[in-house]
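Asks: My structure file model-v5.tsv, TSV, C-alpha atoms, is below:
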chain	number	residue	atom	x	y	z
A	183	MET	CA	0.00	0.00	0.00
A	184	LYS	CA	2.86	2.40	0.85
A	185	ILE	CA	4.60	1.75	-2.46
A	186	THR	CA	1.40	2.44	-4.40
A	187	ARG	CA	0.92	5.68	-2.51
A	188	ILE	CA	4.52	6.78	-3.10
A	189	LEU	CA	4.29	5.94	-6.80
A	190	SER	CA	1.01	7.83	-7.09
A	191	LEU	CA	2.53	10.85	-5.38
A	192	MET	CA	5.62	10.75	-7.64
A	193	PHE	CA	3.39	10.47	-10.71
A	194	ALA	CA	1.29	13.44	-9.57
A	195	LEU	CA	4.43	15.52	-8.94
A	196	ALA	CA	5.80	14.64	-12.37
A	197	ILE	CA	2.55	15.74	-14.04
A	198	ALA	CA	2.48	18.97	-12.00
A	199	ALA	CA	6.10	19.76	-12.93
A	200	SER	CA	5.36	19.08	-16.59
A	201	ALA	CA	2.30	21.33	-16.50
A	202	ALA	CA	4.30	24.13	-14.84
A	203	LYS	CA	6.90	23.97	-17.62
A	204	ALA	CA	4.22	24.13	-20.28
A	205	GLN	CA	2.83	27.35	-18.78
A	206	LEU	CA	6.04	29.37	-19.02
A	207	PRO	CA	5.83	31.73	-21.99
A	208	THR	CA	8.65	32.45	-24.39
A	209	LYS	CA	9.66	36.09	-24.44
A	210	GLN	CA	11.33	37.92	-27.31
A	211	VAL	CA	14.10	40.28	-26.17
A	212	LEU	CA	15.90	43.15	-27.82
A	213	THR	CA	19.58	42.25	-28.20
A	214	LEU	CA	22.42	44.74	-28.09
A	215	ASP	CA	23.20	43.99	-31.73
A	216	ALA	CA	19.61	44.69	-32.79
A	217	ALA	CA	19.54	47.87	-30.67
A	218	LYS	CA	22.71	49.11	-32.39
A	219	LYS	CA	21.14	48.50	-35.82
A	220	ILE	CA	17.95	50.30	-34.81
A	221	ALA	CA	20.00	53.27	-33.60
A	222	ALA	CA	22.01	53.22	-36.84
A	223	ALA	CA	18.82	53.36	-38.91
A	224	ALA	CA	17.61	56.33	-36.87
A	225	GLU	CA	21.03	57.98	-37.18
A	226	ALA	CA	20.94	57.57	-40.96
A	227	GLU	CA	17.53	59.26	-41.04
A	228	ALA	CA	18.76	62.08	-38.80
A	229	LYS	CA	21.82	62.67	-40.98
A	230	LYS	CA	19.68	62.64	-44.12
A	231	ARG	CA	17.64	65.44	-42.54
A	232	GLY	CA	20.69	67.30	-41.22
A	233	SER	CA	19.36	66.87	-37.67
A	234	THR	CA	21.35	67.07	-34.47
A	235	VAL	CA	19.70	64.66	-32.05
A	236	VAL	CA	20.20	62.13	-29.30
A	237	ILE	CA	19.04	58.59	-30.05
A	238	ALA	CA	18.28	56.26	-27.13
A	239	VAL	CA	17.27	52.61	-27.46
A	240	VAL	CA	15.96	50.83	-24.35
A	241	ASP	CA	14.75	47.32	-23.51
A	242	ASP	CA	11.15	46.51	-22.55
A	243	GLY	CA	11.80	47.61	-18.96
A	244	GLY	CA	13.00	51.01	-20.13
A	245	TYR	CA	16.69	50.36	-19.43
A	246	LEU	CA	19.24	51.86	-21.76
A	247	LEU	CA	20.95	49.64	-24.34
A	248	VAL	CA	22.34	52.20	-26.80
A	249	LEU	CA	22.82	55.95	-26.63
A	250	GLU	CA	24.11	58.13	-29.46
A	251	ARG	CA	24.55	61.88	-29.36
A	252	LEU	CA	25.19	63.18	-32.84
A	253	ASP	CA	27.79	65.91	-33.22
A	254	ASP	CA	26.68	69.37	-32.05
A	255	THR	CA	23.57	68.04	-30.27
A	256	GLN	CA	22.71	69.86	-27.06
A	257	VAL	CA	23.67	67.94	-23.93
A	258	ALA	CA	20.20	68.45	-22.40
A	259	SER	CA	18.76	66.13	-25.05
A	260	VAL	CA	20.51	63.10	-23.54
A	261	ASP	CA	18.20	62.73	-20.54
A	262	VAL	CA	15.16	63.79	-22.57
A	263	GLY	CA	15.81	61.16	-25.26
A	264	ILE	CA	16.22	58.44	-22.63
A	265	ALA	CA	13.02	59.56	-20.87
A	266	LYS	CA	11.05	59.48	-24.15
A	267	ALA	CA	12.28	55.95	-24.91
A	268	ARG	CA	11.60	54.74	-21.36
A	269	THR	CA	8.06	56.15	-21.49
A	270	ALA	CA	7.31	54.37	-24.77
A	271	ALA	CA	8.71	51.09	-23.42
A	272	ILE	CA	7.09	50.91	-20.01
A	273	PHE	CA	3.71	52.30	-21.06
A	274	ARG	CA	3.84	50.38	-24.38
A	275	ARG	CA	2.69	53.33	-26.47
A	276	PRO	CA	4.27	56.38	-28.09
A	277	SER	CA	5.22	59.14	-25.68
A	278	LYS	CA	3.16	61.49	-27.85
A	279	VAL	CA	0.02	59.95	-26.31
A	280	PHE	CA	0.89	61.65	-23.01
A	281	GLU	CA	1.72	64.96	-24.69
A	282	ASP	CA	-1.67	64.86	-26.43
A	283	GLN	CA	-3.43	64.09	-23.14
A	284	VAL	CA	-1.85	67.14	-21.53
A	285	LYS	CA	-2.68	69.31	-24.55
A	286	ASN	CA	-6.30	68.14	-24.27
A	287	GLY	CA	-6.52	69.15	-20.62
A	288	ARG	CA	-5.63	65.94	-18.80
A	289	VAL	CA	-2.77	67.51	-16.85
A	290	SER	CA	-2.89	64.64	-14.36
A	291	ALA	CA	-0.94	62.65	-16.99
A	292	LEU	CA	2.07	64.67	-15.82
A	293	THR	CA	1.98	62.84	-12.48
A	294	LEU	CA	2.30	59.32	-13.93
A	295	PRO	CA	5.51	57.77	-12.55
A	296	GLY	CA	8.04	57.28	-15.32
A	297	ALA	CA	6.06	59.10	-18.00
A	298	VAL	CA	7.34	62.10	-19.92
A	299	ALA	CA	4.73	63.98	-21.92
A	300	LEU	CA	6.97	64.74	-24.91
A	301	GLN	CA	6.67	63.46	-28.46
A	302	GLY	CA	9.59	61.41	-29.78
A	303	GLY	CA	9.43	58.02	-28.01
A	304	VAL	CA	8.22	55.04	-30.05
A	305	PRO	CA	7.80	51.41	-28.96
A	306	ILE	CA	9.62	48.63	-30.82
A	307	ILE	CA	7.13	45.84	-31.44
A	308	VAL	CA	7.87	42.20	-32.31
A	309	GLU	CA	5.00	39.80	-32.95
A	310	GLY	CA	2.58	42.17	-31.26
A	311	LYS	CA	4.70	42.59	-28.11
A	312	VAL	CA	6.79	45.56	-27.05
A	313	VAL	CA	10.43	44.46	-26.77
A	314	GLY	CA	11.87	47.93	-26.28
A	315	ALA	CA	11.61	51.49	-27.51
A	316	ILE	CA	13.53	54.26	-29.20
A	317	GLY	CA	13.55	57.88	-28.10
A	318	VAL	CA	14.89	60.83	-30.05
A	319	SER	CA	15.42	64.36	-28.77
A	320	GLY	CA	17.00	67.53	-30.11
A	321	ASN	CA	14.81	68.93	-32.86
A	322	SER	CA	11.10	69.62	-33.28
A	323	PRO	CA	8.73	67.14	-31.67
A	324	GLN	CA	7.51	65.84	-35.05
A	325	GLU	CA	11.02	65.48	-36.43
A	326	ASP	CA	12.15	63.65	-33.29
A	327	GLU	CA	9.25	61.22	-33.68
A	328	ASP	CA	9.85	60.74	-37.41
A	329	ILE	CA	13.49	59.82	-36.75
A	330	ALA	CA	12.45	57.45	-33.94
A	331	LYS	CA	9.89	55.83	-36.26
A	332	ALA	CA	12.65	55.21	-38.84
A	333	GLY	CA	14.50	53.16	-36.22
A	334	ALA	CA	11.39	51.29	-35.08
A	335	GLU	CA	10.35	50.59	-38.68
A	336	TYR	CA	13.81	49.20	-39.40
A	337	ALA	CA	13.29	46.73	-36.55
A	338	ALA	CA	9.91	45.63	-37.92
A	339	ALA	CA	11.30	45.24	-41.47
A	340	ALA	CA	14.38	43.34	-40.27
A	341	ILE	CA	12.25	40.91	-38.29
A	342	LYS	CA	9.89	40.26	-41.22
A	343	GLY	CA	12.81	39.89	-43.61
A	344	GLY	CA	14.89	37.75	-41.25
A	345	GLY	CA	17.33	40.56	-40.43
A	346	LYS	CA	19.36	43.03	-42.46
Once you've parsed the file, please lay out its structure as structure tokens.
Replies:
Amino acid sequence: MKITRILSLMFALAIAASAAKAQLPTKQVLTLDAAKKIAAAAEAEAKKRGSTVVIAVVDDGGYLLVLERLDDTQVASVDVGIAKARTAAIFRRPSKVFEDQVKNGRVSALTLPGAVALQGGVPIIVEGKVVGAIGVSGNSPQEDEDIAKAGAEYAAAAIKGGGK
């Protein structure tokens, strides 16, 4: 009777362990190499426009992977670019959403921890999930966002095409 009970318990534990493994999701992550390529695509767009900007690429937790400050870009744009990228990553939407909320009278958006209400941060999306973000700062809000989008679009194209 004891052996049957022990075997039953071991069998139940084996099934439970197997079920626990099956429930763990697979998560896509933004690698340093991919982040460098995203930043390079944004840099190419900035240079094409003659823009002086900071380009920040962060992981899905908003932590910095790559930072570039193009020649003659104001130093103040470093922290702003990082904040725009972090906002887009942790809130999983463009930082412009918060700027628009403030413009439309929802000033309480300014109190959200970790959010900066400035256009120019864009999430990087892989298979419908945010894996990171890119933030650009230094020029007009629309130009910053357009340069950030060039980096994010490079990521989407590279993933669809198997990498560039």
Asks: Record the distance separating atom CA of Glu225 of chain A and atom CA of Ile307 of chain A, expressed in Å with one decimal.
Replies: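 Pair atom CA of Glu225 of chain A / atom CA of Ile307 of chain A returns 19.3 Å.
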Asks: Between atom CA of Ala339 of chain A and atom CA of Ile220 of chain A, what distance in Å does the model show, to one decimal?
Replies: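 These two atoms are separated by 10.7 Å.
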Asks: I need the residue nearest Val308 of chain A from this list: A:Ile329, A:Val257, A:Val211, A:Met192. Use all atoms listed in the file for the distance.
Replies: A:Val211
Asks: Residues around (4.9, 50.9, -28.1), cut-off 6 Å, counting all atoms listed in the file - what are they as a PyMOL selection string?
Replies: chain A and resi 270+274-276+304-306+312
Asks: Taking all atoms listed in the file into account, name the residue in A:Ala315, A:Ala226, A:Ala196, A:Val279 that is nearest to Asp242 of chain A.
Replies: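 Closest to Asp242 of chain A of all the choices is A:Ala315.
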Asks: For Glu327 of chain A, which residue among A:Gln283, A:Ser259, A:Thr293, A:Ser277 is the nearest when counting all atoms listed in the file?
Replies: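 Distance minimum relative to Glu327 of chain A lands on A:Ser277.
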Asks: A:Glu335, A:Asp328, A:Asp253, A:Asp241: which is nearest Thr269 of chain A, counting all atoms listed in the file?
Replies: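 Looking at the shortest contact to Thr269 of chain A, the residue is A:Asp241.
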Asks: Between A:Gly333, A:Gly243, A:Ala267, A:Gly296, which one has atoms that come closest to Lys218 of chain A, using only C-alpha atoms?
Replies: A:Gly333
Asks: What is the distance between atom CA of Leu249 of chain A and atom CA of Lys331 of chain A, in Å to one decimal?
Replies: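 Straight-line distance from atom CA of Leu249 of chain A to atom CA of Lys331 of chain A works out to 16.1 Å.
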Asks: Excluding Thr234 of chain A and any residue of its chain fewer than 6 positions from it, enumerate the residues within 9 Å of it, using only C-alpha atoms, and give them as an MDAnalysis selection string.
Replies: chainID A and resid 228 251:256 319:321
Asks: In terms of the shortest atom-to-atom distance over all atoms listed in the file, which of A:Ala330, A:Val313, A:Ala337, A:Ile188 is closest to Ala224 of chain A?
Replies: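 The answer is A:Ala330, which sits nearest to Ala224 of chain A.
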Asks: Given the point (20.1, 43.0, -36.8) in the coordinates of this file, which residues lie within 8 Å, counting only C-alpha atoms, and how would they look as a list in words?
Replies: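 Here is the list of nearby residues: Asp215, Ala216, Ala217, Lys218, Lys219, Ile220, Ala337, Ala340, Gly345 and Lys346 of chain A.
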Asks: Within 8 Å of Glu250 of chain A, counting only C-alpha atoms, which residues qualify if same-chain residues fewer than 4 places away don't, as a short mmCIF file (atom, residue, chain, number, x, y, z; two decimals) with C-alpha atoms, keeping the file's coordinate frame?
Replies:
data_model
loop_
_atom_site.label_atom_id
_atom_site.label_comp_id
_atom_site.auth_asym_id
_atom_site.auth_seq_id
_atom_site.Cartn_x
_atom_site.Cartn_y
_atom_site.Cartn_z
CA ALA A 221 20.00 53.27 -33.60
CA VAL A 236 20.20 62.13 -29.30
CA ILE A 237 19.04 58.59 -30.05
CA ALA A 238 18.28 56.26 -27.13
#
Asks: Could you write segment 250-280 of chain A as a short mmCIF file (atom, residue, chain, number, x, y, z; two decimals), keeping the file's coordinate frame, with N, CA and C atoms rebuilt where they are missing?
Replies:
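Produced file selection.cif, reproduced below:
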data_model
loop_
_atom_site.label_atom_id
_atom_site.label_comp_id
_atom_site.auth_asym_id
_atom_site.auth_seq_id
_atom_site.Cartn_x
_atom_site.Cartn_y
_atom_site.Cartn_z
N GLU A 250 23.27 57.39 -28.52
CA GLU A 250 24.11 58.13 -29.46
C GLU A 250 23.75 59.60 -29.38
N ARG A 251 24.76 60.44 -29.28
CA ARG A 251 24.55 61.88 -29.36
C ARG A 251 25.31 62.36 -30.57
N LEU A 252 24.57 62.73 -31.61
CA LEU A 252 25.19 63.18 -32.84
C LEU A 252 25.96 64.47 -32.58
N ASP A 253 26.96 64.72 -33.38
CA ASP A 253 27.79 65.91 -33.22
C ASP A 253 26.93 67.17 -33.14
N ASP A 254 27.32 68.07 -32.25
CA ASP A 254 26.68 69.37 -32.05
C ASP A 254 25.28 69.29 -31.46
N THR A 255 24.88 68.15 -30.92
CA THR A 255 23.57 68.04 -30.27
C THR A 255 23.69 68.56 -28.84
N GLN A 256 22.69 69.31 -28.42
CA GLN A 256 22.71 69.86 -27.06
C GLN A 256 22.74 68.73 -26.03
N VAL A 257 23.50 68.95 -24.97
CA VAL A 257 23.67 67.94 -23.93
C VAL A 257 22.35 67.65 -23.22
N ALA A 258 21.48 68.63 -23.09
CA ALA A 258 20.20 68.45 -22.40
C ALA A 258 19.34 67.38 -23.06
N SER A 259 19.57 67.12 -24.34
CA SER A 259 18.76 66.13 -25.05
C SER A 259 19.05 64.69 -24.64
N VAL A 260 20.17 64.46 -23.96
CA VAL A 260 20.51 63.10 -23.54
C VAL A 260 19.44 62.55 -22.60
N ASP A 261 19.19 63.22 -21.50
CA ASP A 261 18.20 62.73 -20.54
C ASP A 261 16.79 62.73 -21.12
N VAL A 262 16.49 63.71 -21.96
CA VAL A 262 15.16 63.79 -22.57
C VAL A 262 14.94 62.61 -23.52
N GLY A 263 15.94 62.29 -24.33
CA GLY A 263 15.81 61.16 -25.26
C GLY A 263 15.62 59.84 -24.52
N ILE A 264 16.37 59.66 -23.43
CA ILE A 264 16.22 58.44 -22.63
C ILE A 264 14.82 58.39 -22.02
N ALA A 265 14.35 59.52 -21.50
CA ALA A 265 13.02 59.56 -20.87
C ALA A 265 11.91 59.26 -21.89
N LYS A 266 12.05 59.76 -23.11
CA LYS A 266 11.05 59.48 -24.15
C LYS A 266 11.02 57.99 -24.47
N ALA A 267 12.20 57.38 -24.61
CA ALA A 267 12.28 55.95 -24.91
C ALA A 267 11.71 55.13 -23.76
N ARG A 268 12.09 55.47 -22.55
CA ARG A 268 11.60 54.74 -21.36
C ARG A 268 10.08 54.81 -21.27
N THR A 269 9.52 55.98 -21.52
CA THR A 269 8.06 56.15 -21.49
C THR A 269 7.39 55.23 -22.50
N ALA A 270 7.90 55.21 -23.72
CA ALA A 270 7.31 54.37 -24.77
C ALA A 270 7.43 52.89 -24.43
N ALA A 271 8.51 52.50 -23.77
CA ALA A 271 8.71 51.09 -23.42
C ALA A 271 7.80 50.65 -22.28
N ILE A 272 7.81 51.39 -21.19
CA ILE A 272 7.09 50.91 -20.01
C ILE A 272 5.58 51.12 -20.10
N PHE A 273 5.15 52.09 -20.88
CA PHE A 273 3.71 52.30 -21.06
C PHE A 273 3.21 51.65 -22.35
N ARG A 274 4.15 51.13 -23.17
CA ARG A 274 3.84 50.38 -24.38
C ARG A 274 2.99 51.17 -25.37
N ARG A 275 3.34 52.44 -25.50
CA ARG A 275 2.69 53.33 -26.47
C ARG A 275 3.60 54.52 -26.71
N PRO A 276 3.42 55.21 -27.82
CA PRO A 276 4.27 56.38 -28.09
C PRO A 276 4.14 57.43 -26.99
N SER A 277 5.24 58.10 -26.70
CA SER A 277 5.22 59.14 -25.68
C SER A 277 4.32 60.31 -26.08
N LYS A 278 4.05 60.44 -27.36
CA LYS A 278 3.16 61.49 -27.85
C LYS A 278 1.75 61.37 -27.25
N VAL A 279 1.34 60.16 -26.92
CA VAL A 279 0.02 59.95 -26.31
C VAL A 279 -0.12 60.81 -25.06
N PHE A 280 0.94 60.88 -24.26
CA PHE A 280 0.89 61.65 -23.01
C PHE A 280 0.93 63.14 -23.30
#
